[in-house]
There are 2 protein chains.
Amino acid sequence: MNLRELSEILGLSQTTVSRALNGYPEVAEETRRRVREAATTYNYHPNNRARSLATGRSMSIGHVIPVSTQHEIVNPIFTDFISGAGEAYAAAGYDLTLKMVSDGDEDEVYRDLANRGSVDGVIVHGPRVDDRRIAMLSELGLPFVVHGRATGSTREYSWLDVNNRRAFYRATSFLIDFGHRRIGLINGIETMDFATRRRTGYREALEEAGIVPCPELIAHGEMTERHGYASARQMLNDAMPPTAFVVASVICAIGVRRAVQELGLIVGRDVSIVIYDDDLSYFKSGDDIPVFTAVRSSVREAGRNAANMLLDIIAGTGDAPRQRLMEAELTVGSSTGPAPDLAPHRQRG
Amino acid sequence: MNLRELSEILGLSQTTVSRALNGYPEVAEETRRRVREAATTYNYHPNNRARSLATGRSMSIGHVIPVSTQHEIVNPIFTDFISGAGEAYAAAGYDLTLKMVSDGDEDEVYRDLANRGSVDGVIVHGPRVDDRRIAMLSELGLPFVVHGRATGSTREYSWLDVNNRRAFYRATSFLIDFGHRRIGLINGIETMDFATRRRTGYREALEEAGIVPCPELIAHGEMTERHGYASARQMLNDAMPPTAFVVASVICAIGVRRAVQELGLIVGRDVSIVIYDDDLSYFKSGDDIPVFTAVRSSVREAGRNAANMLLDIIAGTGDAPRQRLMEAELTVGSSTGPAPDLAPHRQRG
DNA sequence: CCGCGCATCCAAAGCGCTTTGATATTTGTT
DNA sequence: AACAAATATCAAAGCGCTTTGGATGCGCGG
């Protein structure tokens, strides 16, 4: 059942039927009612492909998700981010086109998306320092919103980010206030913009307290359990092991906890852990006292906000570029406590 | 730059240019070369929307992801499944349209996808027992592949599944062989088809060993850390606590481990854990001795296989429906050991 | 030298919708 | 009563591509 057939059945022109269904004012209410009714009985649904071609809009937003080439790792936060964004799209009648793409081919994919007109806009994930994609997308004229920021990009662009610097400043300060002096940072991949901001916040807190940041206490890597475990394990085996960790995600923290426990140490007593928590749906603690002390900001909410921002830009409402900085909240859980005295771990407990 | 403009520049008809670029044989090689060259220099890319309309294919596959209404939980395995599927789509020039949808509205979304022709096929996620979607999709005539199966569906359909029953049979038998008699099952949501199969496998192993399955030792729920923790905690507080657990996912197992440790017990000694492992990219242990003893099957590979199966069906190669059952492999890790003697846990260690 | 087959290319008809520019028809104004 | 202004409808022109059903020209055997 297509528009022509339906209009013939109704004895109306395609114009009128189309307008009736799309809510245009220049059609009599009585006619509109008739048309709507017929559309239901004959199970008419406008063909999306045809509509797209006619309107010039694809009613779809692209998300390009980087997949780590070496280990085929996808950052688990995408599930929640996209589920937040998906809500916004559903409400606005948009679809979500997903491209999983290995690190190198990203440029190509964005360009393709724009050139072939398969999407009306994109969300840029995982921006790196000096990310080229921002310049490229600006030139292509495809509306976009960056989840995160790209330090070093000269031009203005739209982004939504968490105040990573401040979040890690607070997390680190919190530990310092508890008397910790040797604090390990288990961070994301070094070239990622968010990771540099987090490191900056961590460093600022240390320096403010007169502590010299120590390169052995900083680890970069994928957001995996293994990365958390391996990094923590290595630091804890050092001659001067840390008494606390600031960890960039719950997943990594699970690994850190495993490492700590394997050495017979107790989290929250011998070793403190503060995490950055994306509030992932399947890792919410929900208890009165959270498992991990955390600086938390919902990545699902970030997704929803970023999506709405992009939809606004596409609709032409308000002026792009727009920016939004979300703040993370500190919640004290049971993974932190005062720094143990200076004796090495192994002799305690 | 569109086809008309390009063809005018070249002094050729649109037909010829289109055919040249799409590799049809009825165009001279020399001409094809000229056309290709011009396409590059003028940066011509066929518009996807127009192409879709003309061909009647959208070159896009739909994935409808159920989002738990109550807690906005998305099963974390989707990231990996989709990243596997995405590979297959990219290779075949297909896009991936993602719909995040709250439990109730699923039917509507599938119907819409089919009626409006926005996708050429769909992957059905999270099938439940007697799932209505299968009948619906068959009637709609939209090609589909189910990830999992739906017990009770009378008609034939295409699916790709893991042998969940056997996997859980093996996991449970493994523990029984180690002398465990009280084995807890931390399962997925009860109405999910995979959960019923897993329970069946678990029960069969118990019964075969002459153990009467005990309802207090079976828990159903979302695949969250919290579910694992809460369920394990409750079972362990029982008068007759289990000495081992079979757990439906790593995420849950993290929670189980937390519960075990909180009670001062040691995993692999006081309490054994076998998990079903989807081989999630961010939870791979990668060590020589894996953290958890597991029955493992890569969900990423499942995604790739399901996608290829669907693409085959769409291409009309071979005959639908097709089925494929993947087997899970048992890997022994350090989370399992012989059953402790019959004295209650609290008096040991 | 004719006609047949092959290799190339083309004009034009869609695909199913939106939207522009007109055309009837009715209502309101003086 | 006459004319302007709404109101309700329509025919037809795209949107940019693919594809059908010819054309055209050329080589070649008879």
# chains A, B, ... in the order shown; residues from 1 in each chain; ligands from 1

$ residues_around --residues "stretch 116-128 of chain A" --least-positions-apart "6" --cutoff "7 Å" --atoms "only C-alpha atoms (C1' of nucleotides)" --output "list in words"
Arg57, Ser58, Met59, Ser60, Ile61, Gly62, His63, Val64, Ile65, Leu142, Pro143, Phe144, Val145, Val146, His147, Gly148, Arg149, Ala150, Thr191, Met192 and Asp193 of chain A; His45, Pro46, Asn47, Asn48 and Arg49 of chain B

$ interface_residues --of "chain A" --to "chain B" --cutoff "9 Å" --atoms "only C-alpha atoms" --output "mmCIF file with C-alpha atoms, in the first residue's frame"
data_model
loop_
_atom_site.group_PDB
_atom_site.id
_atom_site.type_symbol
_atom_site.label_atom_id
_atom_site.label_comp_id
_atom_site.auth_asym_id
_atom_site.auth_seq_id
_atom_site.Cartn_x
_atom_site.Cartn_y
_atom_site.Cartn_z
ATOM 1 C CA ASN A 43 -2.288 -0.257 6.950
ATOM 2 C CA TYR A 44 -0.541 2.513 5.090
ATOM 3 C CA HIS A 45 2.915 3.576 6.229
ATOM 4 C CA PRO A 46 4.922 6.083 4.244
ATOM 5 C CA ASN A 47 8.060 4.542 2.828
ATOM 6 C CA ASN A 48 11.041 5.939 4.599
ATOM 7 C CA ARG A 49 13.373 5.721 1.645
ATOM 8 C CA ALA A 50 11.078 7.717 -0.578
ATOM 9 C CA SER A 52 14.089 10.697 2.707
ATOM 10 C CA LEU A 53 14.781 11.326 -0.905
ATOM 11 C CA GLY A 56 16.550 15.558 1.614
ATOM 12 C CA ARG A 57 16.838 14.443 5.209
ATOM 13 C CA SER A 58 17.644 10.904 6.214
ATOM 14 C CA SER A 60 19.101 9.285 11.062
ATOM 15 C CA VAL A 67 37.083 -0.410 17.938
ATOM 16 C CA HIS A 71 42.391 -6.472 20.712
ATOM 17 C CA GLU A 72 39.001 -5.739 19.243
ATOM 18 C CA ILE A 73 38.024 -3.908 22.375
ATOM 19 C CA VAL A 74 34.988 -1.713 22.475
ATOM 20 C CA ASN A 75 34.687 0.684 25.342
ATOM 21 C CA PRO A 76 31.787 -0.649 27.402
ATOM 22 C CA PHE A 78 28.996 3.004 24.647
ATOM 23 C CA THR A 79 26.094 0.767 25.541
ATOM 24 C CA ASP A 80 24.839 3.208 28.110
ATOM 25 C CA ILE A 82 23.832 5.057 23.136
ATOM 26 C CA SER A 83 20.893 3.927 25.147
ATOM 27 C CA GLY A 84 20.590 7.480 26.482
ATOM 28 C CA GLY A 86 18.483 6.405 21.647
ATOM 29 C CA GLU A 87 15.777 7.760 23.909
ATOM 30 C CA ALA A 90 13.086 7.806 19.434
ATOM 31 C CA ASP A 95 17.018 6.536 13.708
ATOM 32 C CA LEU A 96 20.472 5.685 14.918
ATOM 33 C CA THR A 97 23.041 4.402 12.455
ATOM 34 C CA LEU A 98 25.914 2.657 14.102
ATOM 35 C CA LYS A 99 29.331 2.158 12.587
ATOM 36 C CA MET A 100 31.869 0.077 14.426
ATOM 37 C CA VAL A 101 35.162 1.000 12.933
ATOM 38 C CA ASP A 112 31.385 8.564 3.563
ATOM 39 C CA ASN A 115 29.038 12.392 1.197
ATOM 40 C CA ARG A 116 26.416 9.754 0.690
ATOM 41 C CA GLY A 117 23.920 11.570 2.848
ATOM 42 C CA SER A 118 23.127 8.546 4.948
ATOM 43 C CA GLU A 222 42.366 0.319 27.475
ATOM 44 C CA MET A 223 39.440 0.326 29.854
ATOM 45 C CA THR A 224 39.669 -3.355 30.663
ATOM 46 C CA GLU A 225 39.714 -5.407 33.811
ATOM 47 C CA ARG A 226 43.078 -6.711 32.752
ATOM 48 C CA ILE A 251 35.857 -2.098 34.977
ATOM 49 C CA CYS A 252 39.477 -1.244 35.603
ATOM 50 C CA ILE A 254 37.511 -4.509 39.387
ATOM 51 C CA LEU A 280 26.873 1.974 34.012
ATOM 52 C CA SER A 281 23.523 0.291 34.305
ATOM 53 C CA TYR A 282 24.904 -3.147 35.028
ATOM 54 C CA PHE A 283 27.368 -1.923 37.634
ATOM 55 C CA LYS A 284 25.213 0.282 39.784
ATOM 56 C CA SER A 285 25.710 -0.647 43.361
ATOM 57 C CA GLY A 286 22.443 0.782 44.586
ATOM 58 C CA ASP A 287 23.285 -0.051 48.181
#

$ closest_atom_pairs --of "chain C" --to "chain B" --cutoff "7 Å" --atoms "only C-alpha atoms (C1' of nucleotides)" --output "tab-separated table"
residue	atom	partner	partner_atom	distance
C:DT8	C1'	B:Val27	CA	6.1
C:DC9	C1'	B:Thr16	CA	6.7
C:DC10	C1'	B:Ser13	CA	6.1
C:DC15	C1'	B:Ala54	CA	4.7

$ interface_residues --of "chain D" --to "chain A" --cutoff "10 Å" --atoms "only C-alpha atoms (C1' of nucleotides)" --output "compact mmCIF listing (two decimals) with all heavy atoms, in the first residue's frame"
# COMPACT_ATOMS: atom_id res chain seq x y z
P DT D 7 -8.72 30.81 6.54
OP1 DT D 7 -9.54 30.76 7.78
OP2 DT D 7 -7.26 30.65 6.59
O5' DT D 7 -9.29 29.71 5.54
C5' DT D 7 -10.69 29.57 5.37
C4' DT D 7 -10.97 28.46 4.39
O4' DT D 7 -10.59 28.87 3.06
C3' DT D 7 -10.21 27.15 4.66
O3' DT D 7 -11.19 26.12 4.73
C2' DT D 7 -9.28 26.99 3.47
C1' DT D 7 -10.05 27.75 2.39
N1 DT D 7 -9.28 28.27 1.24
C2 DT D 7 -9.72 27.97 -0.03
O2 DT D 7 -10.70 27.30 -0.26
N3 DT D 7 -8.97 28.51 -1.05
C4 DT D 7 -7.84 29.30 -0.91
O4 DT D 7 -7.25 29.74 -1.90
C5 DT D 7 -7.44 29.58 0.44
C7 DT D 7 -6.23 30.41 0.69
C6 DT D 7 -8.16 29.05 1.45
P DA D 8 -10.79 24.65 5.24
OP1 DA D 8 -11.94 24.07 5.94
OP2 DA D 8 -9.47 24.69 5.90
O5' DA D 8 -10.63 23.92 3.84
C5' DA D 8 -11.78 23.76 3.03
C4' DA D 8 -11.39 23.09 1.73
O4' DA D 8 -10.59 24.01 0.94
C3' DA D 8 -10.53 21.83 1.89
O3' DA D 8 -11.19 20.78 1.19
C2' DA D 8 -9.19 22.16 1.27
C1' DA D 8 -9.57 23.28 0.31
N9 DA D 8 -8.50 24.25 0.04
C8 DA D 8 -7.66 24.86 0.94
N7 DA D 8 -6.81 25.70 0.39
C5 DA D 8 -7.11 25.63 -0.96
C6 DA D 8 -6.57 26.29 -2.08
N6 DA D 8 -5.57 27.17 -2.00
N1 DA D 8 -7.10 26.00 -3.30
C2 DA D 8 -8.10 25.12 -3.37
N3 DA D 8 -8.70 24.44 -2.38
C4 DA D 8 -8.15 24.75 -1.20
P DT D 9 -10.63 19.28 1.27
OP1 DT D 9 -11.79 18.36 1.18
OP2 DT D 9 -9.66 19.14 2.37
O5' DT D 9 -9.85 19.20 -0.11
C5' DT D 9 -10.59 19.12 -1.32
C4' DT D 9 -9.71 19.48 -2.49
O4' DT D 9 -8.93 20.65 -2.22
C3' DT D 9 -8.66 18.45 -2.88
O3' DT D 9 -9.21 17.57 -3.85
C2' DT D 9 -7.53 19.27 -3.47
C1' DT D 9 -7.96 20.71 -3.24
N1 DT D 9 -6.85 21.58 -2.82
C2 DT D 9 -6.21 22.33 -3.78
O2 DT D 9 -6.49 22.31 -4.96
N3 DT D 9 -5.18 23.12 -3.30
C4 DT D 9 -4.77 23.22 -1.98
O4 DT D 9 -3.85 23.95 -1.68
C5 DT D 9 -5.49 22.41 -1.03
C7 DT D 9 -5.11 22.45 0.41
C6 DT D 9 -6.48 21.63 -1.49
P DC D 10 -8.35 16.34 -4.37
OP1 DC D 10 -9.30 15.38 -4.96
OP2 DC D 10 -7.41 15.93 -3.32
O5' DC D 10 -7.53 17.00 -5.57
C5' DC D 10 -8.21 17.72 -6.58
C4' DC D 10 -7.19 18.33 -7.53
O4' DC D 10 -6.44 19.35 -6.84
C3' DC D 10 -6.15 17.31 -8.03
O3' DC D 10 -6.15 17.31 -9.43
C2' DC D 10 -4.82 17.81 -7.49
C1' DC D 10 -5.10 19.29 -7.24
N1 DC D 10 -4.28 19.85 -6.15
C2 DC D 10 -3.32 20.84 -6.44
O2 DC D 10 -3.18 21.21 -7.61
N3 DC D 10 -2.58 21.36 -5.43
C4 DC D 10 -2.77 20.92 -4.18
N4 DC D 10 -2.02 21.47 -3.21
C5 DC D 10 -3.74 19.92 -3.87
C6 DC D 10 -4.47 19.42 -4.87
P DA D 11 -5.71 16.01 -10.20
OP1 DA D 11 -6.87 15.45 -10.90
OP2 DA D 11 -4.92 15.16 -9.27
O5' DA D 11 -4.72 16.66 -11.27
C5' DA D 11 -4.95 18.00 -11.70
C4' DA D 11 -3.68 18.54 -12.33
O4' DA D 11 -2.85 19.16 -11.31
C3' DA D 11 -2.79 17.51 -13.01
O3' DA D 11 -2.19 18.12 -14.14
C2' DA D 11 -1.78 17.14 -11.93
C1' DA D 11 -1.60 18.48 -11.22
N9 DA D 11 -1.29 18.38 -9.78
C8 DA D 11 -1.80 17.48 -8.89
N7 DA D 11 -1.37 17.65 -7.66
C5 DA D 11 -0.52 18.75 -7.77
C6 DA D 11 0.25 19.43 -6.82
N6 DA D 11 0.30 19.12 -5.53
N1 DA D 11 0.99 20.48 -7.26
C2 DA D 11 0.93 20.81 -8.55
N3 DA D 11 0.23 20.25 -9.53
C4 DA D 11 -0.47 19.21 -9.06
P DG D 14 11.18 20.40 -12.50
OP1 DG D 14 12.07 21.05 -11.45
OP2 DG D 14 11.34 20.73 -13.92
O5' DG D 14 11.25 18.80 -12.35
C5' DG D 14 12.32 18.20 -11.66
C4' DG D 14 12.30 18.56 -10.18
O4' DG D 14 11.00 18.21 -9.64
C3' DG D 14 13.35 17.77 -9.41
O3' DG D 14 14.07 18.61 -8.56
C2' DG D 14 12.56 16.72 -8.62
C1' DG D 14 11.15 17.25 -8.60
N9 DG D 14 10.23 16.14 -8.86
C8 DG D 14 9.77 15.69 -10.09
N7 DG D 14 8.96 14.67 -9.98
C5 DG D 14 8.87 14.44 -8.61
C6 DG D 14 8.14 13.46 -7.90
O6 DG D 14 7.42 12.58 -8.34
N1 DG D 14 8.34 13.57 -6.51
C2 DG D 14 9.14 14.52 -5.93
N2 DG D 14 9.22 14.46 -4.60
N3 DG D 14 9.83 15.44 -6.57
C4 DG D 14 9.64 15.33 -7.91
P DC D 15 15.62 18.44 -8.47
OP1 DC D 15 16.18 19.78 -8.17
OP2 DC D 15 16.06 17.70 -9.66
O5' DC D 15 15.86 17.48 -7.25
C5' DC D 15 15.37 17.72 -5.94
C4' DC D 15 15.52 16.45 -5.15
O4' DC D 15 14.29 15.70 -5.23
C3' DC D 15 16.60 15.52 -5.69
O3' DC D 15 17.79 15.74 -4.95
C2' DC D 15 16.05 14.12 -5.45
C1' DC D 15 14.57 14.32 -5.15
N1 DC D 15 13.62 13.66 -6.08
C2 DC D 15 12.54 12.92 -5.59
O2 DC D 15 12.39 12.84 -4.37
N3 DC D 15 11.68 12.32 -6.45
C4 DC D 15 11.89 12.44 -7.78
N4 DC D 15 11.01 11.85 -8.59
C5 DC D 15 12.98 13.19 -8.31
C6 DC D 15 13.82 13.77 -7.43
P DG D 16 19.19 16.09 -5.75
OP1 DG D 16 20.11 16.65 -4.75
OP2 DG D 16 18.90 16.80 -7.00
O5' DG D 16 19.72 14.64 -6.15
C5' DG D 16 20.04 13.71 -5.13
C4' DG D 16 20.15 12.34 -5.74
O4' DG D 16 18.86 11.95 -6.26
C3' DG D 16 21.12 12.23 -6.91
O3' DG D 16 21.93 11.10 -6.69
C2' DG D 16 20.22 12.06 -8.13
C1' DG D 16 19.05 11.31 -7.49
N9 DG D 16 17.80 11.41 -8.23
C8 DG D 16 17.37 12.45 -9.02
N7 DG D 16 16.19 12.24 -9.55
C5 DG D 16 15.82 10.98 -9.08
C6 DG D 16 14.65 10.22 -9.33
O6 DG D 16 13.68 10.53 -10.02
N1 DG D 16 14.67 9.00 -8.65
C2 DG D 16 15.71 8.56 -7.86
N2 DG D 16 15.56 7.37 -7.29
N3 DG D 16 16.80 9.26 -7.62
C4 DG D 16 16.80 10.45 -8.27
P DC D 17 23.11 10.68 -7.62
OP1 DC D 17 24.28 10.53 -6.75
OP2 DC D 17 23.16 11.53 -8.81
O5' DC D 17 22.63 9.23 -8.12
C5' DC D 17 22.69 8.15 -7.24
C4' DC D 17 21.52 7.22 -7.45
O4' DC D 17 20.38 7.96 -7.89
C3' DC D 17 21.74 6.19 -8.55
O3' DC D 17 22.35 5.03 -7.96
C2' DC D 17 20.33 5.88 -9.01
C1' DC D 17 19.50 7.06 -8.54
N1 DC D 17 18.82 7.79 -9.64
C2 DC D 17 17.61 7.29 -10.12
O2 DC D 17 17.16 6.26 -9.64
N3 DC D 17 16.97 7.97 -11.11
C4 DC D 17 17.50 9.09 -11.61
N4 DC D 17 16.82 9.73 -12.58
C5 DC D 17 18.74 9.61 -11.14
C6 DC D 17 19.37 8.93 -10.17

$ select_by_dssp --residues "stretch 86-201 of chain A" --states "alpha helix (DSSP H)" --output "ChimeraX atom specification"
/A:86-92,106-115,132-140,164-177,193-201

$ write_last_selection --atoms "C-alpha atoms" --output "compact mmCIF listing (two decimals), in the first residue's frame"
# COMPACT_ATOMS: atom_id res chain seq x y z
CA GLY A 86 18.48 6.41 21.65
CA GLU A 87 15.78 7.76 23.91
CA ALA A 88 16.21 11.22 22.46
CA TYR A 89 16.17 9.91 18.90
CA ALA A 90 13.09 7.81 19.43
CA ALA A 91 11.25 10.81 20.82
CA ALA A 92 12.21 12.91 17.80
CA GLU A 106 37.54 6.53 11.02
CA ASP A 107 38.13 9.49 8.71
CA GLU A 108 36.96 7.52 5.75
CA VAL A 109 33.76 6.48 7.49
CA TYR A 110 32.82 10.01 8.53
CA ARG A 111 33.48 11.29 5.06
CA ASP A 112 31.38 8.56 3.56
CA LEU A 113 28.51 9.17 5.93
CA ALA A 114 28.49 12.82 4.92
CA ASN A 115 29.04 12.39 1.20
CA ARG A 132 41.62 15.82 12.90
CA ARG A 133 38.02 14.75 12.64
CA ILE A 134 36.79 18.07 13.96
CA ALA A 135 38.35 20.07 11.15
CA MET A 136 37.18 17.49 8.67
CA LEU A 137 33.58 17.48 9.80
CA SER A 138 33.44 21.26 9.89
CA GLU A 139 34.56 21.35 6.30
CA LEU A 140 32.12 18.69 5.26
CA ASN A 164 37.30 15.43 33.88
CA ARG A 165 40.02 17.63 35.22
CA ARG A 166 38.00 18.71 38.20
CA ALA A 167 36.65 15.22 38.80
CA PHE A 168 40.15 13.80 39.08
CA TYR A 169 41.35 16.78 41.03
CA ARG A 170 38.65 16.09 43.59
CA ALA A 171 39.20 12.35 43.64
CA THR A 172 42.90 12.86 44.23
CA SER A 173 42.42 15.60 46.81
CA PHE A 174 40.03 13.38 48.67
CA LEU A 175 42.74 10.78 49.03
CA ILE A 176 45.35 13.36 49.97
CA ASP A 177 43.08 14.65 52.71
CA ASP A 193 41.75 13.69 25.26
CA PHE A 194 39.82 12.72 28.36
CA ALA A 195 42.84 10.86 29.68
CA THR A 196 45.06 13.92 29.45
CA ARG A 197 42.52 16.02 31.30
CA ARG A 198 42.21 13.44 33.99
CA ARG A 199 45.93 13.27 34.41
CA THR A 200 46.07 17.03 34.65
CA GLY A 201 43.51 17.08 37.45

$ decode --residues "stretch 222-231 of chain A" --atoms "all heavy atoms" --output "PDB file, in the first residue's frame"
ATOM      1  N   GLU A 222      43.785   0.537  27.771  1.00  0.00           N
ATOM      2  CA  GLU A 222      42.366   0.319  27.475  1.00  0.00           C
ATOM      3  C   GLU A 222      41.574   0.161  28.765  1.00  0.00           C
ATOM      4  O   GLU A 222      42.090  -0.294  29.775  1.00  0.00           O
ATOM      5  CB  GLU A 222      42.196  -0.975  26.665  1.00  0.00           C
ATOM      6  CG  GLU A 222      43.015  -1.064  25.423  1.00  0.00           C
ATOM      7  CD  GLU A 222      42.257  -0.579  24.217  1.00  0.00           C
ATOM      8  OE1 GLU A 222      41.228   0.105  24.391  1.00  0.00           O
ATOM      9  OE2 GLU A 222      42.709  -0.884  23.093  1.00  0.00           O
ATOM     10  N   MET A 223      40.289   0.435  28.676  1.00  0.00           N
ATOM     11  CA  MET A 223      39.440   0.326  29.854  1.00  0.00           C
ATOM     12  C   MET A 223      39.022  -1.117  30.125  1.00  0.00           C
ATOM     13  O   MET A 223      37.846  -1.458  30.052  1.00  0.00           O
ATOM     14  CB  MET A 223      38.177   1.166  29.658  1.00  0.00           C
ATOM     15  CG  MET A 223      38.438   2.627  29.592  1.00  0.00           C
ATOM     16  SD  MET A 223      38.973   3.276  31.184  1.00  0.00           S
ATOM     17  CE  MET A 223      38.725   5.037  30.862  1.00  0.00           C
ATOM     18  N   THR A 224      40.000  -1.952  30.426  1.00  0.00           N
ATOM     19  CA  THR A 224      39.669  -3.355  30.663  1.00  0.00           C
ATOM     20  C   THR A 224      39.997  -3.764  32.098  1.00  0.00           C
ATOM     21  O   THR A 224      40.769  -3.088  32.783  1.00  0.00           O
ATOM     22  CB  THR A 224      40.479  -4.278  29.732  1.00  0.00           C
ATOM     23  OG1 THR A 224      41.869  -4.130  30.058  1.00  0.00           O
ATOM     24  CG2 THR A 224      40.275  -3.899  28.278  1.00  0.00           C
ATOM     25  N   GLU A 225      39.434  -4.874  32.483  1.00  0.00           N
ATOM     26  CA  GLU A 225      39.714  -5.407  33.811  1.00  0.00           C
ATOM     27  C   GLU A 225      41.197  -5.741  33.902  1.00  0.00           C
ATOM     28  O   GLU A 225      41.858  -5.470  34.891  1.00  0.00           O
ATOM     29  CB  GLU A 225      38.865  -6.672  34.015  1.00  0.00           C
ATOM     30  CG  GLU A 225      38.703  -7.112  35.447  1.00  0.00           C
ATOM     31  CD  GLU A 225      39.729  -8.155  35.866  1.00  0.00           C
ATOM     32  OE1 GLU A 225      40.535  -8.613  35.027  1.00  0.00           O
ATOM     33  OE2 GLU A 225      39.730  -8.511  37.045  1.00  0.00           O
ATOM     34  N   ARG A 226      41.684  -6.287  32.802  1.00  0.00           N
ATOM     35  CA  ARG A 226      43.078  -6.711  32.752  1.00  0.00           C
ATOM     36  C   ARG A 226      44.054  -5.554  32.930  1.00  0.00           C
ATOM     37  O   ARG A 226      45.057  -5.671  33.626  1.00  0.00           O
ATOM     38  CB  ARG A 226      43.309  -7.374  31.390  1.00  0.00           C
ATOM     39  CG  ARG A 226      44.605  -8.087  31.254  1.00  0.00           C
ATOM     40  CD  ARG A 226      44.584  -8.951  30.005  1.00  0.00           C
ATOM     41  NE  ARG A 226      45.965  -9.219  29.587  1.00  0.00           N
ATOM     42  CZ  ARG A 226      46.829  -9.868  30.335  1.00  0.00           C
ATOM     43  NH1 ARG A 226      46.477 -10.285  31.537  1.00  0.00           N
ATOM     44  NH2 ARG A 226      48.062 -10.079  29.901  1.00  0.00           N
ATOM     45  N   HIS A 227      43.740  -4.454  32.299  1.00  0.00           N
ATOM     46  CA  HIS A 227      44.590  -3.262  32.419  1.00  0.00           C
ATOM     47  C   HIS A 227      44.647  -2.822  33.878  1.00  0.00           C
ATOM     48  O   HIS A 227      45.721  -2.505  34.400  1.00  0.00           O
ATOM     49  CB  HIS A 227      44.020  -2.149  31.538  1.00  0.00           C
ATOM     50  CG  HIS A 227      44.596  -0.787  31.791  1.00  0.00           C
ATOM     51  ND1 HIS A 227      45.941  -0.519  31.796  1.00  0.00           N
ATOM     52  CD2 HIS A 227      43.976   0.401  32.059  1.00  0.00           C
ATOM     53  CE1 HIS A 227      46.136   0.773  32.041  1.00  0.00           C
ATOM     54  NE2 HIS A 227      44.966   1.353  32.223  1.00  0.00           N
ATOM     55  N   GLY A 228      43.499  -2.797  34.538  1.00  0.00           N
ATOM     56  CA  GLY A 228      43.453  -2.418  35.951  1.00  0.00           C
ATOM     57  C   GLY A 228      44.282  -3.362  36.793  1.00  0.00           C
ATOM     58  O   GLY A 228      45.111  -2.936  37.613  1.00  0.00           O
ATOM     59  N   TYR A 229      44.104  -4.647  36.529  1.00  0.00           N
ATOM     60  CA  TYR A 229      44.835  -5.644  37.307  1.00  0.00           C
ATOM     61  C   TYR A 229      46.334  -5.531  37.098  1.00  0.00           C
ATOM     62  O   TYR A 229      47.100  -5.409  38.049  1.00  0.00           O
ATOM     63  CB  TYR A 229      44.360  -7.040  36.918  1.00  0.00           C
ATOM     64  CG  TYR A 229      45.173  -8.147  37.524  1.00  0.00           C
ATOM     65  CD1 TYR A 229      44.967  -8.505  38.858  1.00  0.00           C
ATOM     66  CD2 TYR A 229      46.141  -8.813  36.793  1.00  0.00           C
ATOM     67  CE1 TYR A 229      45.710  -9.513  39.443  1.00  0.00           C
ATOM     68  CE2 TYR A 229      46.895  -9.816  37.360  1.00  0.00           C
ATOM     69  CZ  TYR A 229      46.685 -10.172  38.689  1.00  0.00           C
ATOM     70  OH  TYR A 229      47.429 -11.164  39.255  1.00  0.00           O
ATOM     71  N   ALA A 230      46.719  -5.546  35.855  1.00  0.00           N
ATOM     72  CA  ALA A 230      48.152  -5.567  35.538  1.00  0.00           C
ATOM     73  C   ALA A 230      48.858  -4.313  36.056  1.00  0.00           C
ATOM     74  O   ALA A 230      49.935  -4.394  36.647  1.00  0.00           O
ATOM     75  CB  ALA A 230      48.355  -5.707  34.032  1.00  0.00           C
ATOM     76  N   SER A 231      48.226  -3.164  35.848  1.00  0.00           N
ATOM     77  CA  SER A 231      48.848  -1.914  36.278  1.00  0.00           C
ATOM     78  C   SER A 231      48.979  -1.856  37.793  1.00  0.00           C
ATOM     79  O   SER A 231      50.030  -1.491  38.328  1.00  0.00           O
ATOM     80  CB  SER A 231      48.022  -0.719  35.794  1.00  0.00           C
ATOM     81  OG  SER A 231      47.820  -0.797  34.412  1.00  0.00           O
TER      82      SER A 231
END
